[in-house]
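Step one of this worksheet: look at the structure below.
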Amino acid sequence: MKTVNLESLDALSIFAAEIAGALKPGDIFLMDGDLGAGKTTFVRTLCEHLGISNVSSPTFNIINRYDSDPLSVCHMDLYRCESEMSIDLLDLDEVFARPNTVFFVEWASRLGRFMPETYMKMNWELGEGECRTISFDSGT
Ligand SMILES: Nc1ncnc2c1ncn2[C@@H]1O[C@H](COP(=O)(O)OP(=O)(O)OP(=O)(O)O)[C@@H](O)[C@H]1O
Ligand SMILES: [Mg+2]
């Protein structure tokens, strides 16, 4: 397990740039943690580093897709999947099979049987002010 402490939004941007520079097609980031800790802000900031500028929260759409060259981004938020809709309707096996794509899933603990085989787990914790703690764990 690796832990990163971010002390500001500027630190988030540097962190997001590092991750953006190391992405490979098929990478999957499964994100959980505190409400409002910064999962969406992280994906938005990372996408800016990839040249994608119109990232909004997928809380209502569930799945947002940004086609881009060389890497497309698929940004999901499963927050509403527990109560309002069944995750079975999302055809996630097909979603995760999209080529040249990297995947970011908020509230990923709700994936259930759609949990992919290989992924990076990120747990987001709120701190004081702009402080955030992210714990990583690679799962296979
Ligand atoms: N270091 C930081 N990293 C990320 N966000 C930060 C940081 N400091 C402050 N913030 C602010 O915290 C808020 C995080 O909101 P965001 O919607 O990204 O959280 P979230 O984890 O996606 O929430 P939800 O669980 O509701 O989906 C934003 O307003 C952002 O500007
Ligand atoms: Mg969010």
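Just remember, in the structure tokens the first chain shown is A, the second B, etc., residues are 1-based per chain, and ligands are 1-based in the order shown.
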Fill in: Within 7 Å of stretch 128-139 of chain A using only C-alpha atoms, minus same-chain residues under 4 positions, as a PyMOL selection string
chain A and resi 1-9+37+118-124
Discussion item. Give me the residues near stretch 101-111 of chain A as a PyMOL selection string, where near means some atom within 9 Å (using only C-alpha atoms) and where sequence neighbours in that chain fewer than 4 positions away do not count.
Written reply: chain A and resi 23-33+39-40+43+58-59+63+67-68+70-79+81-82+87+92+96-97+115-116+121
Grab the residues selected above and save them as a tab-separated table (two decimals), in the first residue's frame with C-alpha atoms.
chain	number	residue	atom	x	y	z
A	23	LEU	CA	-1.27	5.85	-18.28
A	24	LYS	CA	-1.53	2.83	-20.53
A	25	PRO	CA	-4.59	1.70	-22.52
A	26	GLY	CA	-6.80	-0.50	-20.37
A	27	ASP	CA	-5.70	0.98	-17.03
A	28	ILE	CA	-8.54	0.98	-14.51
A	29	PHE	CA	-8.63	3.15	-11.36
A	30	LEU	CA	-11.22	2.10	-8.79
A	31	MET	CA	-11.93	5.00	-6.44
A	32	ASP	CA	-13.75	5.01	-3.12
A	33	GLY	CA	-13.62	7.09	0.03
A	39	LYS	CA	-12.38	12.00	-6.98
A	40	THR	CA	-14.14	14.00	-9.68
A	43	VAL	CA	-10.28	13.01	-12.98
A	58	PRO	CA	-20.90	11.57	-13.96
A	59	THR	CA	-23.14	11.42	-10.89
A	63	ILE	CA	-20.90	6.90	-17.43
A	67	ASP	CA	-12.96	10.22	-27.04
A	68	SER	CA	-9.43	11.46	-27.50
A	70	PRO	CA	-4.15	8.55	-28.20
A	71	LEU	CA	-6.14	7.72	-25.05
A	72	SER	CA	-9.86	7.99	-24.52
A	73	VAL	CA	-11.22	8.36	-20.99
A	74	CYS	CA	-14.22	6.60	-19.48
A	75	HIS	CA	-15.34	8.21	-16.20
A	76	MET	CA	-17.99	6.44	-14.15
A	77	ASP	CA	-19.76	7.23	-10.90
A	78	LEU	CA	-21.69	4.36	-9.36
A	79	TYR	CA	-23.02	6.39	-6.42
A	81	CYS	CA	-26.34	2.35	-8.42
A	82	GLU	CA	-27.06	1.08	-4.95
A	87	ILE	CA	-25.66	-2.04	-12.10
A	92	LEU	CA	-20.00	-3.01	-17.80
A	96	PHE	CA	-14.37	-2.21	-19.82
A	97	ALA	CA	-13.56	-3.83	-23.19
A	115	MET	CA	-15.05	-5.92	-10.62
A	116	PRO	CA	-12.29	-6.17	-13.28
A	121	LYS	CA	-7.47	0.96	-6.08
Discussion item. Between atom CA of A:Phe42 and atom CA of A:Ser56, what is the distance in Å, rounded to a tenth?
Written reply: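 Computing it gives 11.4 Å between the two atoms.
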Worksheet item: Counting only C-alpha atoms, what is within 10 Å of A:Ala16, bar same-chain residues fewer than 4 positions away, as a list of chain:residue names?
Response: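 Listing them by chain and then by number gives A:Asp10, A:Ala11, A:Leu12, A:Ala20, A:Gly21, A:Thr41, A:Phe42, A:Val43, A:Arg44, A:Thr45, A:Leu46, A:Cys47, A:Glu48, A:His49.
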Prev. selection, all heavy atoms, output as a CSV table (one decimal), in the first residue's frame:
chain,number,residue,atom,x,y,z
A,10,ASP,N,-3.0,22.6,-6.0
A,10,ASP,CA,-1.8,22.6,-6.9
A,10,ASP,C,-1.0,21.3,-6.8
A,10,ASP,O,-0.6,20.7,-7.8
A,10,ASP,CB,-0.8,23.7,-6.4
A,10,ASP,CG,-1.3,25.1,-6.8
A,10,ASP,OD1,-2.2,25.2,-7.7
A,10,ASP,OD2,-0.8,26.1,-6.3
A,11,ALA,N,-1.0,20.7,-5.6
A,11,ALA,CA,-0.4,19.4,-5.4
A,11,ALA,C,-1.2,18.4,-6.1
A,11,ALA,O,-0.6,17.4,-6.7
A,11,ALA,CB,-0.3,19.1,-3.9
A,12,LEU,N,-2.5,18.5,-6.1
A,12,LEU,CA,-3.4,17.6,-6.9
A,12,LEU,C,-3.0,17.6,-8.4
A,12,LEU,O,-2.9,16.6,-9.0
A,12,LEU,CB,-4.8,17.9,-6.7
A,12,LEU,CG,-5.8,17.1,-7.6
A,12,LEU,CD1,-6.0,15.7,-7.0
A,12,LEU,CD2,-7.1,17.7,-7.8
A,20,ALA,N,-1.2,11.0,-15.3
A,20,ALA,CA,-1.6,11.1,-16.7
A,20,ALA,C,-0.4,10.7,-17.6
A,20,ALA,O,-0.7,10.0,-18.6
A,20,ALA,CB,-2.0,12.5,-17.0
A,21,GLY,N,0.8,11.0,-17.2
A,21,GLY,CA,2.0,10.7,-18.0
A,21,GLY,C,2.3,9.2,-18.0
A,21,GLY,O,3.0,8.8,-18.9
A,41,THR,N,-12.7,15.8,-9.1
A,41,THR,CA,-11.7,16.9,-9.3
A,41,THR,C,-10.4,16.3,-9.9
A,41,THR,O,-9.8,16.9,-10.8
A,41,THR,CB,-11.5,17.7,-8.0
A,41,THR,OG1,-12.7,18.2,-7.6
A,41,THR,CG2,-10.5,18.9,-8.3
A,42,PHE,N,-10.0,15.2,-9.3
A,42,PHE,CA,-8.8,14.5,-9.8
A,42,PHE,C,-9.0,14.1,-11.2
A,42,PHE,O,-8.1,14.3,-12.1
A,42,PHE,CB,-8.6,13.2,-8.9
A,42,PHE,CG,-7.6,12.2,-9.5
A,42,PHE,CD1,-6.3,12.5,-9.7
A,42,PHE,CD2,-8.1,11.0,-9.9
A,42,PHE,CE1,-5.4,11.6,-10.2
A,42,PHE,CE2,-7.3,10.0,-10.4
A,42,PHE,CZ,-5.9,10.3,-10.6
A,43,VAL,N,-10.1,13.5,-11.6
A,43,VAL,CA,-10.3,13.0,-13.0
A,43,VAL,C,-10.3,14.2,-13.9
A,43,VAL,O,-9.7,14.2,-15.0
A,43,VAL,CB,-11.6,12.1,-13.1
A,43,VAL,CG1,-11.8,11.8,-14.6
A,43,VAL,CG2,-11.5,10.9,-12.3
A,44,ARG,N,-11.0,15.3,-13.5
A,44,ARG,CA,-11.1,16.5,-14.3
A,44,ARG,C,-9.7,17.1,-14.6
A,44,ARG,O,-9.3,17.4,-15.7
A,44,ARG,CB,-12.0,17.5,-13.6
A,44,ARG,CG,-12.1,18.8,-14.5
A,44,ARG,CD,-12.9,19.9,-13.8
A,44,ARG,NE,-14.3,19.4,-13.6
A,44,ARG,CZ,-14.9,19.3,-12.4
A,44,ARG,NH1,-14.3,19.7,-11.3
A,44,ARG,NH2,-16.1,18.8,-12.3
A,45,THR,N,-8.9,17.1,-13.5
A,45,THR,CA,-7.5,17.7,-13.6
A,45,THR,C,-6.6,16.8,-14.5
A,45,THR,O,-5.9,17.3,-15.3
A,45,THR,CB,-6.9,17.8,-12.2
A,45,THR,OG1,-7.9,18.6,-11.4
A,45,THR,CG2,-5.6,18.5,-12.2
A,46,LEU,N,-6.7,15.5,-14.3
A,46,LEU,CA,-6.0,14.6,-15.1
A,46,LEU,C,-6.3,14.7,-16.5
A,46,LEU,O,-5.5,14.7,-17.4
A,46,LEU,CB,-6.2,13.2,-14.5
A,46,LEU,CG,-5.5,12.0,-15.2
A,46,LEU,CD1,-5.1,11.0,-14.2
A,46,LEU,CD2,-6.4,11.4,-16.3
A,47,CYS,N,-7.6,14.8,-16.8
A,47,CYS,CA,-8.1,14.9,-18.2
A,47,CYS,C,-7.5,16.2,-18.8
A,47,CYS,O,-7.2,16.2,-20.0
A,47,CYS,CB,-9.6,14.9,-18.3
A,47,CYS,SG,-10.3,13.2,-18.1
A,48,GLU,N,-7.4,17.3,-18.1
A,48,GLU,CA,-6.9,18.5,-18.6
A,48,GLU,C,-5.4,18.3,-19.1
A,48,GLU,O,-5.0,18.7,-20.1
A,48,GLU,CB,-6.9,19.6,-17.6
A,48,GLU,CG,-8.3,20.3,-17.5
A,48,GLU,CD,-8.5,21.1,-16.2
A,48,GLU,OE1,-7.5,21.4,-15.5
A,48,GLU,OE2,-9.6,21.5,-15.9
A,49,HIS,N,-4.7,17.5,-18.3
A,49,HIS,CA,-3.3,17.1,-18.7
A,49,HIS,C,-3.3,16.2,-20.0
A,49,HIS,O,-2.3,16.2,-20.7
A,49,HIS,CB,-2.6,16.4,-17.6
A,49,HIS,CG,-2.3,17.3,-16.4
A,49,HIS,ND1,-1.4,18.4,-16.5
A,49,HIS,CD2,-2.8,17.4,-15.2
A,49,HIS,CE1,-1.3,19.0,-15.4
A,49,HIS,NE2,-2.2,18.4,-14.5
Practice prompt. Could you give me, as a ChimeraX atom specification, each residue of stretch 20-108 of chain A that DSSP assigns to alpha helix (DSSP H) when run on this structure's backbone?
Written response: /A:20-22,39-49,92-96
Quick one: write out the picked residues with C-alpha atoms as a PDB file, in the first residue's frame?
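What ended up in part00.pdb:
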ATOM      1  CA  ALA A  20      -1.604  11.102 -16.726  1.00  0.00           C
ATOM      2  CA  GLY A  21       1.954  10.686 -18.022  1.00  0.00           C
ATOM      3  CA  ALA A  22       2.105   7.035 -16.977  1.00  0.00           C
ATOM      4  CA  LYS A  39     -12.378  12.000  -6.980  1.00  0.00           C
ATOM      5  CA  THR A  40     -14.144  14.000  -9.677  1.00  0.00           C
ATOM      6  CA  THR A  41     -11.715  16.903  -9.333  1.00  0.00           C
ATOM      7  CA  PHE A  42      -8.812  14.476  -9.775  1.00  0.00           C
ATOM      8  CA  VAL A  43     -10.285  13.011 -12.981  1.00  0.00           C
ATOM      9  CA  ARG A  44     -11.078  16.502 -14.326  1.00  0.00           C
ATOM     10  CA  THR A  45      -7.532  17.689 -13.593  1.00  0.00           C
ATOM     11  CA  LEU A  46      -5.958  14.569 -15.063  1.00  0.00           C
ATOM     12  CA  CYS A  47      -8.069  14.940 -18.209  1.00  0.00           C
ATOM     13  CA  GLU A  48      -6.867  18.519 -18.617  1.00  0.00           C
ATOM     14  CA  HIS A  49      -3.335  17.116 -18.737  1.00  0.00           C
ATOM     15  CA  LEU A  92     -19.998  -3.013 -17.797  1.00  0.00           C
ATOM     16  CA  ASP A  93     -18.247  -5.986 -19.383  1.00  0.00           C
ATOM     17  CA  GLU A  94     -18.679  -4.237 -22.726  1.00  0.00           C
ATOM     18  CA  VAL A  95     -17.650  -0.869 -21.252  1.00  0.00           C
ATOM     19  CA  PHE A  96     -14.367  -2.209 -19.819  1.00  0.00           C
TER      20      PHE A  96
END
Discussion item. Taking only chain A into account, list the residues labelled strand (DSSP E) by DSSP (computed from the backbone), as number ranges by chain.
Written reply: A: 2-6, 28-33, 63-66, 72-77, 101-106, 119-126, 132-139
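Checking A:Leu90, A:Ile19, A:Leu126, A:Leu35 one by one against ligand 2, counting only C-alpha atoms and all ligand atoms, you find the shortest gap at A:Leu35.
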